[in-house]
$ cat input-v1.cif   # mmCIF, C-alpha atoms and all ligand atoms
data_data
#
loop_
_atom_site.label_atom_id
_atom_site.label_comp_id
_atom_site.auth_asym_id
_atom_site.auth_seq_id
_atom_site.Cartn_x
_atom_site.Cartn_y
_atom_site.Cartn_z
CA MET A 106 -58.11 -194.25 -135.96
CA SER A 107 -58.72 -197.61 -134.30
CA TRP A 108 -55.52 -199.18 -135.66
CA THR A 109 -52.35 -198.12 -137.46
CA LEU A 110 -50.13 -199.62 -140.14
CA ASP A 111 -47.43 -200.22 -137.51
CA GLU A 112 -49.71 -202.66 -135.69
CA ILE A 113 -49.91 -204.96 -138.70
CA PRO A 114 -47.51 -207.93 -138.29
CA TRP A 115 -45.81 -207.41 -141.66
CA ASP A 116 -42.98 -209.80 -140.74
CA ARG A 117 -45.45 -212.70 -140.65
CA PHE A 118 -46.05 -212.37 -144.41
CA ASP A 119 -46.19 -215.88 -145.89
CA ARG A 120 -45.58 -216.08 -149.64
CA SER A 121 -46.45 -219.78 -149.74
CA ARG A 122 -50.06 -218.93 -148.86
CA LEU A 123 -50.65 -216.41 -151.63
CA ASP A 124 -53.57 -216.72 -154.02
CA PRO A 125 -52.80 -214.75 -157.22
CA GLU A 126 -56.51 -214.09 -157.85
CA ILE A 127 -56.87 -212.47 -154.44
CA VAL A 128 -53.76 -210.37 -155.07
CA LYS A 129 -55.58 -208.88 -158.08
CA LEU A 130 -58.61 -208.02 -155.95
CA VAL A 131 -56.47 -206.42 -153.26
CA LYS A 132 -54.65 -204.24 -155.80
CA ALA A 133 -57.99 -202.98 -157.15
CA ALA A 134 -59.40 -202.41 -153.66
CA SER A 135 -56.34 -200.39 -152.63
CA LEU A 136 -57.09 -197.83 -155.37
CA VAL A 137 -60.79 -197.43 -154.50
CA GLU A 138 -60.03 -197.06 -150.79
CA PHE A 139 -57.23 -194.57 -151.35
CA ASN A 140 -59.72 -192.32 -153.16
CA GLY A 141 -61.59 -191.79 -149.85
CA ALA A 142 -60.47 -188.18 -149.38
CA ALA A 143 -62.30 -187.06 -152.52
CA TYR A 144 -65.57 -188.42 -151.20
CA ALA A 145 -65.05 -186.97 -147.73
CA HIS A 146 -64.67 -183.59 -149.45
CA HIS A 147 -67.99 -184.13 -151.24
CA LEU A 148 -69.75 -185.00 -147.97
CA CYS A 149 -68.39 -181.82 -146.37
CA ARG A 150 -69.88 -179.85 -149.28
CA VAL A 151 -73.28 -181.54 -148.97
CA PHE A 152 -73.32 -180.99 -145.17
CA TYR A 153 -71.83 -177.49 -145.42
CA ASP A 154 -73.55 -176.24 -142.22
CA ASP A 155 -72.95 -179.30 -140.04
CA ARG A 156 -69.55 -178.99 -138.35
CA ASP A 157 -69.91 -182.19 -136.31
CA PHE A 158 -70.71 -184.34 -139.29
CA GLN A 159 -67.95 -182.69 -141.35
CA GLU A 160 -65.46 -183.69 -138.68
CA SER A 161 -66.77 -187.27 -138.70
CA ALA A 162 -66.66 -187.33 -142.51
CA ARG A 163 -63.01 -186.22 -142.51
CA ARG A 164 -62.12 -188.89 -139.99
CA TRP A 165 -63.98 -191.42 -142.10
CA GLY A 166 -62.07 -190.30 -145.22
CA ALA A 167 -58.74 -190.66 -143.38
CA GLU A 168 -59.68 -194.22 -142.37
CA GLU A 169 -60.55 -195.12 -145.97
CA ILE A 170 -57.14 -193.78 -147.07
CA GLN A 171 -55.51 -195.92 -144.40
CA HIS A 172 -57.33 -198.94 -145.83
CA GLY A 173 -55.83 -198.05 -149.21
CA ASN A 174 -52.34 -197.70 -147.73
CA ALA A 175 -52.51 -201.02 -145.86
CA LEU A 176 -53.80 -202.92 -148.90
CA ALA A 177 -51.24 -201.26 -151.20
CA ARG A 178 -48.38 -202.15 -148.85
CA TRP A 179 -49.55 -205.75 -148.72
CA ALA A 180 -49.98 -205.86 -152.52
CA LYS A 181 -46.38 -204.65 -152.90
CA LEU A 182 -45.19 -207.44 -150.61
CA ALA A 183 -47.16 -209.96 -152.63
CA ASP A 184 -46.04 -208.52 -155.97
CA PRO A 185 -42.92 -206.30 -155.70
CA GLU A 186 -43.55 -205.12 -159.27
CA PHE A 187 -46.88 -203.55 -158.33
CA ASP A 188 -46.51 -199.80 -158.85
CA PHE A 189 -49.30 -198.43 -156.66
CA GLU A 190 -48.59 -194.76 -157.46
CA ALA A 191 -48.75 -195.32 -161.23
CA ALA A 192 -51.88 -197.47 -160.86
CA PHE A 193 -53.60 -194.82 -158.74
CA GLU A 194 -52.75 -192.16 -161.33
CA ARG A 195 -54.30 -194.33 -164.04
CA PHE A 196 -57.38 -194.86 -161.87
CA GLN A 197 -57.84 -191.15 -161.19
CA ALA A 198 -57.32 -190.22 -164.82
CA GLY A 199 -59.86 -192.76 -166.07
CA TYR A 200 -62.52 -192.68 -163.36
CA ARG A 201 -63.90 -189.20 -162.91
CA VAL A 202 -66.75 -188.06 -160.67
CA ASP A 203 -67.60 -184.49 -159.70
CA PHE A 204 -66.60 -184.64 -156.05
CA ASP A 205 -66.69 -180.85 -155.73
CA CYS A 206 -70.44 -180.70 -156.25
CA GLY A 207 -72.33 -179.19 -153.29
CA THR A 208 -75.55 -181.14 -153.74
CA SER A 209 -76.10 -184.86 -153.43
CA ARG A 210 -76.81 -186.91 -156.54
CA ARG A 211 -79.36 -188.75 -154.38
CA GLY A 212 -81.67 -185.73 -154.17
CA SER A 213 -81.43 -185.14 -150.42
CA ARG A 214 -79.11 -185.51 -147.45
CA SER A 215 -81.04 -188.58 -146.30
CA GLY A 216 -80.59 -190.08 -149.76
CA GLU A 217 -76.87 -189.38 -149.59
CA MET A 218 -76.68 -191.19 -146.24
CA ILE A 219 -78.65 -194.18 -147.55
CA ALA A 220 -76.24 -194.41 -150.51
CA ARG A 221 -73.26 -194.21 -148.14
CA CYS A 222 -74.80 -196.94 -145.96
CA MET A 223 -75.11 -199.17 -149.05
CA VAL A 224 -71.44 -198.70 -149.85
CA GLU A 225 -70.45 -199.60 -146.29
CA VAL A 226 -72.74 -202.65 -146.40
CA GLY A 227 -70.86 -203.73 -149.51
CA THR A 228 -67.40 -203.08 -148.09
CA SER A 229 -68.10 -204.61 -144.66
CA SER A 230 -69.46 -207.80 -146.26
CA TYR A 231 -66.63 -207.86 -148.78
CA TYR A 232 -63.79 -207.54 -146.27
CA ALA A 233 -65.47 -210.01 -143.91
CA ALA A 234 -65.67 -212.50 -146.80
CA LEU A 235 -62.05 -211.78 -147.73
CA ARG A 236 -60.95 -212.12 -144.08
CA ASP A 237 -62.65 -215.53 -143.85
CA ALA A 238 -61.36 -216.76 -147.23
CA VAL A 239 -57.70 -215.76 -147.29
CA GLN A 240 -54.95 -218.02 -146.02
CA GLU A 241 -52.16 -215.44 -145.94
CA PRO A 242 -51.94 -214.27 -142.27
CA VAL A 243 -50.99 -210.61 -142.82
CA LEU A 244 -53.82 -210.00 -145.28
CA LYS A 245 -56.21 -211.79 -142.92
CA GLU A 246 -55.26 -209.36 -140.16
CA ILE A 247 -55.60 -206.32 -142.45
CA CYS A 248 -59.06 -207.48 -143.56
CA ARG A 249 -60.12 -208.11 -139.96
CA ASN A 250 -59.26 -204.49 -139.11
CA ILE A 251 -60.86 -203.06 -142.24
CA ALA A 252 -64.09 -205.09 -141.84
CA ALA A 253 -64.47 -203.74 -138.29
CA ASP A 254 -63.94 -200.17 -139.57
CA GLU A 255 -66.52 -200.60 -142.34
CA ILE A 256 -69.18 -201.67 -139.84
CA ARG A 257 -68.43 -198.55 -137.78
CA HIS A 258 -68.70 -196.47 -140.95
CA TYR A 259 -72.12 -197.95 -141.62
CA LYS A 260 -73.17 -196.97 -138.09
CA LEU A 261 -71.83 -193.45 -138.55
CA PHE A 262 -73.90 -192.92 -141.70
CA TYR A 263 -76.92 -194.73 -140.29
CA ASN A 264 -76.93 -192.50 -137.20
CA ASN A 265 -76.65 -189.40 -139.36
CA LEU A 266 -79.43 -190.75 -141.60
CA THR A 267 -81.68 -190.93 -138.52
CA LEU A 268 -80.96 -187.24 -137.81
CA CYS A 269 -81.57 -186.25 -141.45
CA LEU A 270 -84.87 -188.12 -141.54
CA GLU A 271 -86.17 -186.06 -138.62
CA ARG A 272 -86.10 -183.06 -140.96
CA GLU A 273 -86.65 -184.55 -144.40
CA ARG A 274 -89.26 -187.28 -143.85
CA ILE A 275 -88.48 -189.39 -146.88
CA GLY A 276 -90.90 -192.24 -147.58
CA LEU A 277 -90.07 -195.91 -147.93
CA TRP A 278 -90.21 -195.93 -151.75
CA ARG A 279 -87.74 -193.11 -152.12
CA ARG A 280 -85.42 -194.74 -149.62
CA LEU A 281 -85.71 -198.03 -151.45
CA ARG A 282 -85.09 -196.38 -154.80
CA VAL A 283 -81.86 -194.76 -153.60
CA ALA A 284 -80.70 -198.02 -151.99
CA VAL A 285 -81.40 -200.18 -155.04
CA GLY A 286 -79.92 -197.50 -157.33
CA ARG A 287 -76.68 -197.40 -155.34
CA ILE A 288 -76.42 -201.20 -155.21
CA ALA A 289 -76.92 -201.33 -159.00
CA GLU A 290 -74.12 -198.79 -159.41
CA SER A 291 -71.66 -201.32 -158.05
CA GLN A 292 -71.75 -202.68 -161.63
CA ASP A 293 -70.59 -199.32 -163.00
CA ASP A 294 -67.10 -198.04 -163.68
CA GLU A 295 -65.57 -197.57 -160.22
CA LEU A 296 -64.69 -201.17 -159.36
CA ALA A 297 -64.24 -202.25 -162.97
CA TYR A 298 -61.87 -199.37 -163.68
CA ALA A 299 -59.93 -199.95 -160.47
CA TYR A 300 -59.49 -203.60 -161.45
CA TYR A 301 -58.29 -202.48 -164.86
CA ALA A 302 -55.94 -199.74 -163.59
CA ALA A 303 -54.40 -202.10 -161.03
CA ASN A 304 -54.05 -205.22 -163.15
CA GLU A 305 -54.29 -204.62 -166.87
CA ALA A 306 -52.38 -201.47 -167.78
CA THR A 307 -51.21 -202.78 -171.12
CA ARG A 308 -54.67 -203.62 -172.50
CA ALA A 309 -57.51 -201.33 -173.54
CA TYR A 310 -60.28 -200.74 -171.00
CA GLU A 311 -63.50 -202.68 -171.59
CA ARG A 312 -66.04 -202.04 -168.88
CA ARG A 313 -68.03 -205.26 -169.26
CA ARG A 314 -64.98 -207.49 -169.24
CA CYS A 315 -63.30 -205.76 -166.29
CA SER A 316 -66.53 -205.57 -164.30
CA ARG A 317 -67.05 -209.31 -164.80
CA ALA A 318 -63.44 -210.14 -164.01
CA TYR A 319 -63.71 -208.28 -160.72
CA ALA A 320 -67.16 -209.62 -159.80
CA ALA A 321 -66.26 -213.23 -160.62
CA ARG A 322 -63.43 -213.14 -158.09
CA ALA A 323 -65.40 -211.19 -155.47
CA TYR A 324 -68.59 -213.33 -155.62
CA ARG A 325 -66.56 -216.51 -155.20
CA LEU A 326 -65.46 -215.35 -151.74
CA CYS A 327 -68.95 -214.70 -150.41
CA ARG A 328 -70.67 -217.21 -148.08
CA GLU A 329 -74.30 -217.38 -147.01
CA HIS A 330 -73.83 -215.60 -143.68
CA HIS A 331 -72.05 -212.67 -145.36
CA ALA A 332 -75.03 -212.21 -147.68
CA ALA A 333 -77.49 -212.50 -144.77
CA HIS A 334 -75.60 -209.90 -142.76
CA GLY A 335 -75.61 -207.52 -145.74
CA VAL A 336 -79.36 -207.90 -146.25
CA THR A 337 -80.01 -207.16 -142.56
CA LEU A 338 -78.06 -203.89 -142.81
CA ILE A 339 -79.79 -202.90 -146.07
CA PHE A 340 -83.24 -203.49 -144.56
CA LYS A 341 -82.33 -201.40 -141.53
CA ALA A 342 -81.10 -198.49 -143.65
CA VAL A 343 -84.26 -198.32 -145.77
CA GLY A 344 -86.48 -198.60 -142.69
CA LEU A 345 -87.76 -202.17 -143.15
CA ASP A 346 -87.96 -204.83 -140.43
CA ALA A 347 -84.66 -206.71 -140.64
CA HIS A 348 -86.11 -209.76 -138.83
CA SER A 349 -89.26 -210.18 -140.92
CA LEU A 350 -90.22 -212.97 -143.30
CA LEU A 351 -89.53 -210.54 -146.14
CA ALA A 352 -85.97 -210.05 -144.87
CA ARG A 353 -85.39 -213.80 -144.64
CA THR A 354 -86.74 -214.28 -148.16
CA ALA A 355 -84.58 -211.44 -149.49
CA SER A 356 -81.59 -212.97 -147.79
CA ARG A 357 -82.21 -216.38 -149.39
CA LEU A 358 -82.68 -214.79 -152.81
CA ALA A 359 -79.55 -212.65 -152.44
CA TRP A 360 -77.49 -215.71 -151.56
CA ARG A 361 -78.90 -217.68 -154.49
CA PHE A 362 -78.13 -214.81 -156.85
CA ILE A 363 -74.55 -214.45 -155.58
CA ARG A 364 -73.92 -218.18 -155.91
CA PHE A 365 -75.47 -218.36 -159.37
CA ARG A 366 -73.67 -215.26 -160.62
CA GLY A 367 -70.36 -216.40 -159.12
CA THR A 368 -70.53 -219.74 -160.95
CA GLN A 369 -71.72 -218.12 -164.18
CA LEU A 370 -68.98 -215.46 -164.18
CA THR A 371 -66.30 -217.97 -163.27
CA LYS A 372 -67.21 -219.99 -166.38
CA VAL A 373 -66.94 -216.88 -168.57
CA ASN A 374 -63.64 -215.80 -167.01
CA THR A 375 -61.72 -219.03 -167.02
FE FE B 1 -62.71 -198.86 -146.55
FE FE B 2 -65.83 -197.53 -145.14
#

$ encode --input "input-v1.cif" --output "structure tokens"
Amino acid sequence: MSWTLDEIPWDRFDRSRLDPEIVKLVKAASLVEFNGAAYAHHLCRVFYDDRDFQESARRWGAEEIQHGNALARWAKLADPEFDFEAAFERFQAGYRVDFDCGTSRRGSRSGEMIARCMVEVGTSSYYAALRDAVQEPVLKEICRNIAADEIRHYKLFYNNLTLCLERERIGLWRRLRVAVGRIAESQDDELAYAYYAANEATRAYERRRCSRAYAARAYRLCREHHAAHGVTLIFKAVGLDAHSLLARTASRLAWRFIRFRGTQLTKVNT
């Protein structure tokens, strides 16, 4: 663990610098992060004969739980009525994945690592964007710590991907397919349901609405350099040159898409 909850300067919490829209995002993020143990268990099943990686995966899971705890504690400071335990129960009851399965949904161990890299690309960019956007000093510090962890997580999975590829030899197209598939899944239930469970307990769940509500707030935080950094990491994980013309073009397109989508969703949600 590179930091602990005791190192966070909780007494510097500044209510006058709160943004209620960011509080909603933090509540949702706390639920997704706190679910880390379930995924660590799945990774240990997939890598059943690899003790070293299992140990790393358990450490990784514990760090994700710590992210959940830090964000939940901050969310409670920001909104003393936030009942994290009840929200997490709602999230677990409504969002179900078979974490006990011993084979990867991605078809291979390399595929599993590419998918994990994509998630860490998303989280590292997201917390970096949040760190740069928020005014409240305690949340800024939490996001600074989490963003640094997420980059290390990416490296952990990327290094293991390199080892897996020595045995599995997966071609570029398959790697790309897994990467794009996992990025597309960010539109699915996990984030939308977390947003719902954390913020809208009294209404009925509607995936499209909750997914848009979450994305509208998240896209607004992103700046061009966050998008560029994400594209570099994605290219590296699929085995493409991260400094090529293609990478620069992809980066420009990604940024345009995020800006366009952010504006479009904001119009729908306000
Ligand atoms: Fe995390
Ligand atoms: Fe992570």

$ residues_near_ligand --input "input-v1.cif" --ligand "ligand FE 2 (chain B)" --cutoff "10 Å" --atoms "all atoms listed in the file" --output "mmCIF file with C-alpha atoms, keeping the file's coordinate frame"
data_model
loop_
_atom_site.group_PDB
_atom_site.id
_atom_site.type_symbol
_atom_site.label_atom_id
_atom_site.label_comp_id
_atom_site.auth_asym_id
_atom_site.auth_seq_id
_atom_site.Cartn_x
_atom_site.Cartn_y
_atom_site.Cartn_z
ATOM 1 C CA GLU A 138 -60.030 -197.060 -150.790
ATOM 2 C CA GLY A 141 -61.590 -191.790 -149.850
ATOM 3 C CA TRP A 165 -63.980 -191.420 -142.100
ATOM 4 C CA GLY A 166 -62.070 -190.300 -145.220
ATOM 5 C CA GLU A 168 -59.680 -194.220 -142.370
ATOM 6 C CA GLU A 169 -60.550 -195.120 -145.970
ATOM 7 C CA ILE A 170 -57.140 -193.780 -147.070
ATOM 8 C CA HIS A 172 -57.330 -198.940 -145.830
ATOM 9 C CA ARG A 221 -73.260 -194.210 -148.140
ATOM 10 C CA CYS A 222 -74.800 -196.940 -145.960
ATOM 11 C CA VAL A 224 -71.440 -198.700 -149.850
ATOM 12 C CA GLU A 225 -70.450 -199.600 -146.290
ATOM 13 C CA VAL A 226 -72.740 -202.650 -146.400
ATOM 14 C CA GLY A 227 -70.860 -203.730 -149.510
ATOM 15 C CA THR A 228 -67.400 -203.080 -148.090
ATOM 16 C CA SER A 229 -68.100 -204.610 -144.660
ATOM 17 C CA ILE A 251 -60.860 -203.060 -142.240
ATOM 18 C CA ALA A 252 -64.090 -205.090 -141.840
ATOM 19 C CA ALA A 253 -64.470 -203.740 -138.290
ATOM 20 C CA ASP A 254 -63.940 -200.170 -139.570
ATOM 21 C CA GLU A 255 -66.520 -200.600 -142.340
ATOM 22 C CA ILE A 256 -69.180 -201.670 -139.840
ATOM 23 C CA ARG A 257 -68.430 -198.550 -137.780
ATOM 24 C CA HIS A 258 -68.700 -196.470 -140.950
ATOM 25 C CA TYR A 259 -72.120 -197.950 -141.620
ATOM 26 C CA LEU A 261 -71.830 -193.450 -138.550
ATOM 27 C CA PHE A 262 -73.900 -192.920 -141.700
#

$ residues_around --input "input-v1.cif" --residues "Val239 of chain A" --least-positions-apart "2" --cutoff "9 Å" --atoms "all atoms listed in the file" --output "short mmCIF file (atom, residue, chain, number, x, y, z; two decimals) with C-alpha atoms, in the frame of the given file"
data_model
loop_
_atom_site.label_atom_id
_atom_site.label_comp_id
_atom_site.auth_asym_id
_atom_site.auth_seq_id
_atom_site.Cartn_x
_atom_site.Cartn_y
_atom_site.Cartn_z
CA ARG A 122 -50.06 -218.93 -148.86
CA LEU A 123 -50.65 -216.41 -151.63
CA ASP A 124 -53.57 -216.72 -154.02
CA ILE A 127 -56.87 -212.47 -154.44
CA ALA A 234 -65.67 -212.50 -146.80
CA LEU A 235 -62.05 -211.78 -147.73
CA ARG A 236 -60.95 -212.12 -144.08
CA ASP A 237 -62.65 -215.53 -143.85
CA GLU A 241 -52.16 -215.44 -145.94
CA PRO A 242 -51.94 -214.27 -142.27
CA LEU A 244 -53.82 -210.00 -145.28
CA LYS A 245 -56.21 -211.79 -142.92
CA LEU A 326 -65.46 -215.35 -151.74
#

$ residues_around --input "input-v1.cif" --residues "Glu329 of chain A" --least-positions-apart "4" --cutoff "10 Å" --atoms "all atoms listed in the file" --output "compact mmCIF listing (two decimals) with C-alpha atoms, keeping the file's coordinate frame"
# COMPACT_ATOMS: atom_id res chain seq x y z
CA ALA A 234 -65.67 -212.50 -146.80
CA ALA A 333 -77.49 -212.50 -144.77
CA HIS A 334 -75.60 -209.90 -142.76
CA SER A 356 -81.59 -212.97 -147.79
CA ARG A 357 -82.21 -216.38 -149.39
CA ALA A 359 -79.55 -212.65 -152.44
CA TRP A 360 -77.49 -215.71 -151.56
CA ARG A 361 -78.90 -217.68 -154.49
CA ILE A 363 -74.55 -214.45 -155.58
CA ARG A 364 -73.92 -218.18 -155.91

$ residues_around --input "input-v1.cif" --residues "segment 274-278 of chain A" --least-positions-apart "6" --cutoff "9 Å" --atoms "all atoms listed in the file" --output "list in words"
Ser213, Ser215, Gly216, Val343, Gly344 and Leu345 of chain A

$ residues_near_point --input "input-v1.cif" --point "(-60.7, -213.1, -161.8)" --cutoff "7 Å" --atoms "all atoms listed in the file" --output "number ranges by chain"
A: 126, 318-319, 321-322, 374

$ residues_around --input "input-v1.cif" --residues "segment 295-303 of chain A" --least-positions-apart "6" --cutoff "7 Å" --atoms "all atoms listed in the file" --output "NGL selection string"
:A and (132-133 or 136-137 or 192 or 195-196 or 200 or 310 or 312 or 315-316 or 319)

$ closest_residue --input "input-v1.cif" --among "A:Leu176, A:Ala355, A:Leu350, A:Arg214" --to "Glu273 of chain A" --atoms "only C-alpha atoms"
A:Arg214

$ build_atoms --input "input-v1.cif" --residues "segment 198-223 of chain A" --atoms "N, CA, C and O atoms" --output "short mmCIF file (atom, residue, chain, number, x, y, z; two decimals), in the frame of the given file"
data_model
loop_
_atom_site.label_atom_id
_atom_site.label_comp_id
_atom_site.auth_asym_id
_atom_site.auth_seq_id
_atom_site.Cartn_x
_atom_site.Cartn_y
_atom_site.Cartn_z
N ALA A 198 -57.18 -190.81 -163.49
CA ALA A 198 -57.32 -190.22 -164.82
C ALA A 198 -58.52 -190.82 -165.56
O ALA A 198 -59.19 -190.13 -166.33
N GLY A 199 -58.81 -192.08 -165.31
CA GLY A 199 -59.86 -192.76 -166.07
C GLY A 199 -61.22 -192.76 -165.40
O GLY A 199 -62.25 -192.89 -166.04
N TYR A 200 -61.24 -192.62 -164.08
CA TYR A 200 -62.52 -192.68 -163.36
C TYR A 200 -62.77 -191.31 -162.74
O TYR A 200 -62.15 -190.93 -161.75
N ARG A 201 -63.68 -190.58 -163.36
CA ARG A 201 -63.90 -189.20 -162.91
C ARG A 201 -65.33 -188.98 -162.42
O ARG A 201 -66.28 -189.31 -163.11
N VAL A 202 -65.44 -188.43 -161.21
CA VAL A 202 -66.75 -188.06 -160.67
C VAL A 202 -66.59 -186.65 -160.14
O VAL A 202 -65.51 -186.27 -159.68
N ASP A 203 -67.69 -185.86 -160.21
CA ASP A 203 -67.60 -184.49 -159.70
C ASP A 203 -67.74 -184.47 -158.18
O ASP A 203 -68.84 -184.36 -157.65
N PHE A 204 -66.58 -184.60 -157.51
CA PHE A 204 -66.60 -184.64 -156.05
C PHE A 204 -66.73 -183.25 -155.43
O PHE A 204 -66.86 -183.11 -154.24
N ASP A 205 -66.63 -182.21 -156.27
CA ASP A 205 -66.69 -180.85 -155.73
C ASP A 205 -68.13 -180.31 -155.71
O ASP A 205 -68.37 -179.19 -155.30
N CYS A 206 -69.06 -181.13 -156.16
CA CYS A 206 -70.44 -180.70 -156.25
C CYS A 206 -71.05 -180.55 -154.84
O CYS A 206 -70.84 -181.41 -153.98
N GLY A 207 -71.80 -179.47 -154.62
CA GLY A 207 -72.33 -179.19 -153.29
C GLY A 207 -73.68 -179.83 -153.00
O GLY A 207 -74.20 -179.73 -151.90
N THR A 208 -74.27 -180.47 -154.01
CA THR A 208 -75.55 -181.14 -153.74
C THR A 208 -75.40 -182.63 -154.00
O THR A 208 -74.61 -183.05 -154.84
N SER A 209 -76.20 -183.41 -153.29
CA SER A 209 -76.10 -184.86 -153.43
C SER A 209 -76.80 -185.32 -154.70
O SER A 209 -77.88 -184.85 -155.04
N ARG A 210 -76.19 -186.28 -155.37
CA ARG A 210 -76.81 -186.91 -156.54
C ARG A 210 -78.07 -187.67 -156.16
O ARG A 210 -78.86 -188.05 -156.99
N ARG A 211 -78.23 -187.94 -154.86
CA ARG A 211 -79.36 -188.75 -154.38
C ARG A 211 -80.57 -187.89 -154.06
O ARG A 211 -81.56 -188.38 -153.54
N GLY A 212 -80.50 -186.59 -154.31
CA GLY A 212 -81.67 -185.73 -154.17
C GLY A 212 -81.90 -185.15 -152.79
O GLY A 212 -82.68 -184.22 -152.64
N SER A 213 -81.25 -185.66 -151.78
CA SER A 213 -81.43 -185.14 -150.42
C SER A 213 -80.28 -185.64 -149.56
O SER A 213 -79.55 -186.55 -149.95
N ARG A 214 -80.16 -185.05 -148.38
CA ARG A 214 -79.11 -185.51 -147.45
C ARG A 214 -79.41 -186.92 -146.97
O ARG A 214 -78.50 -187.73 -146.82
N SER A 215 -80.69 -187.21 -146.72
CA SER A 215 -81.04 -188.58 -146.30
C SER A 215 -80.66 -189.57 -147.39
O SER A 215 -80.11 -190.64 -147.09
N GLY A 216 -80.94 -189.21 -148.63
CA GLY A 216 -80.59 -190.08 -149.76
C GLY A 216 -79.10 -190.32 -149.81
O GLY A 216 -78.63 -191.44 -150.03
N GLU A 217 -78.34 -189.25 -149.58
CA GLU A 217 -76.87 -189.38 -149.59
C GLU A 217 -76.43 -190.38 -148.51
O GLU A 217 -75.55 -191.21 -148.73
N MET A 218 -77.05 -190.29 -147.33
CA MET A 218 -76.68 -191.19 -146.24
C MET A 218 -77.08 -192.63 -146.53
O MET A 218 -76.36 -193.57 -146.19
N ILE A 219 -78.23 -192.81 -147.18
CA ILE A 219 -78.65 -194.18 -147.55
C ILE A 219 -77.63 -194.76 -148.54
O ILE A 219 -77.19 -195.90 -148.40
N ALA A 220 -77.23 -193.94 -149.53
CA ALA A 220 -76.24 -194.41 -150.51
C ALA A 220 -74.92 -194.77 -149.82
O ALA A 220 -74.30 -195.79 -150.12
N ARG A 221 -74.51 -193.93 -148.87
CA ARG A 221 -73.26 -194.21 -148.14
C ARG A 221 -73.39 -195.49 -147.32
O ARG A 221 -72.46 -196.28 -147.22
N CYS A 222 -74.57 -195.69 -146.71
CA CYS A 222 -74.80 -196.94 -145.96
C CYS A 222 -74.65 -198.14 -146.89
O CYS A 222 -74.05 -199.15 -146.51
N MET A 223 -75.20 -198.04 -148.11
CA MET A 223 -75.11 -199.17 -149.05
C MET A 223 -73.66 -199.49 -149.37
O MET A 223 -73.28 -200.65 -149.48
#
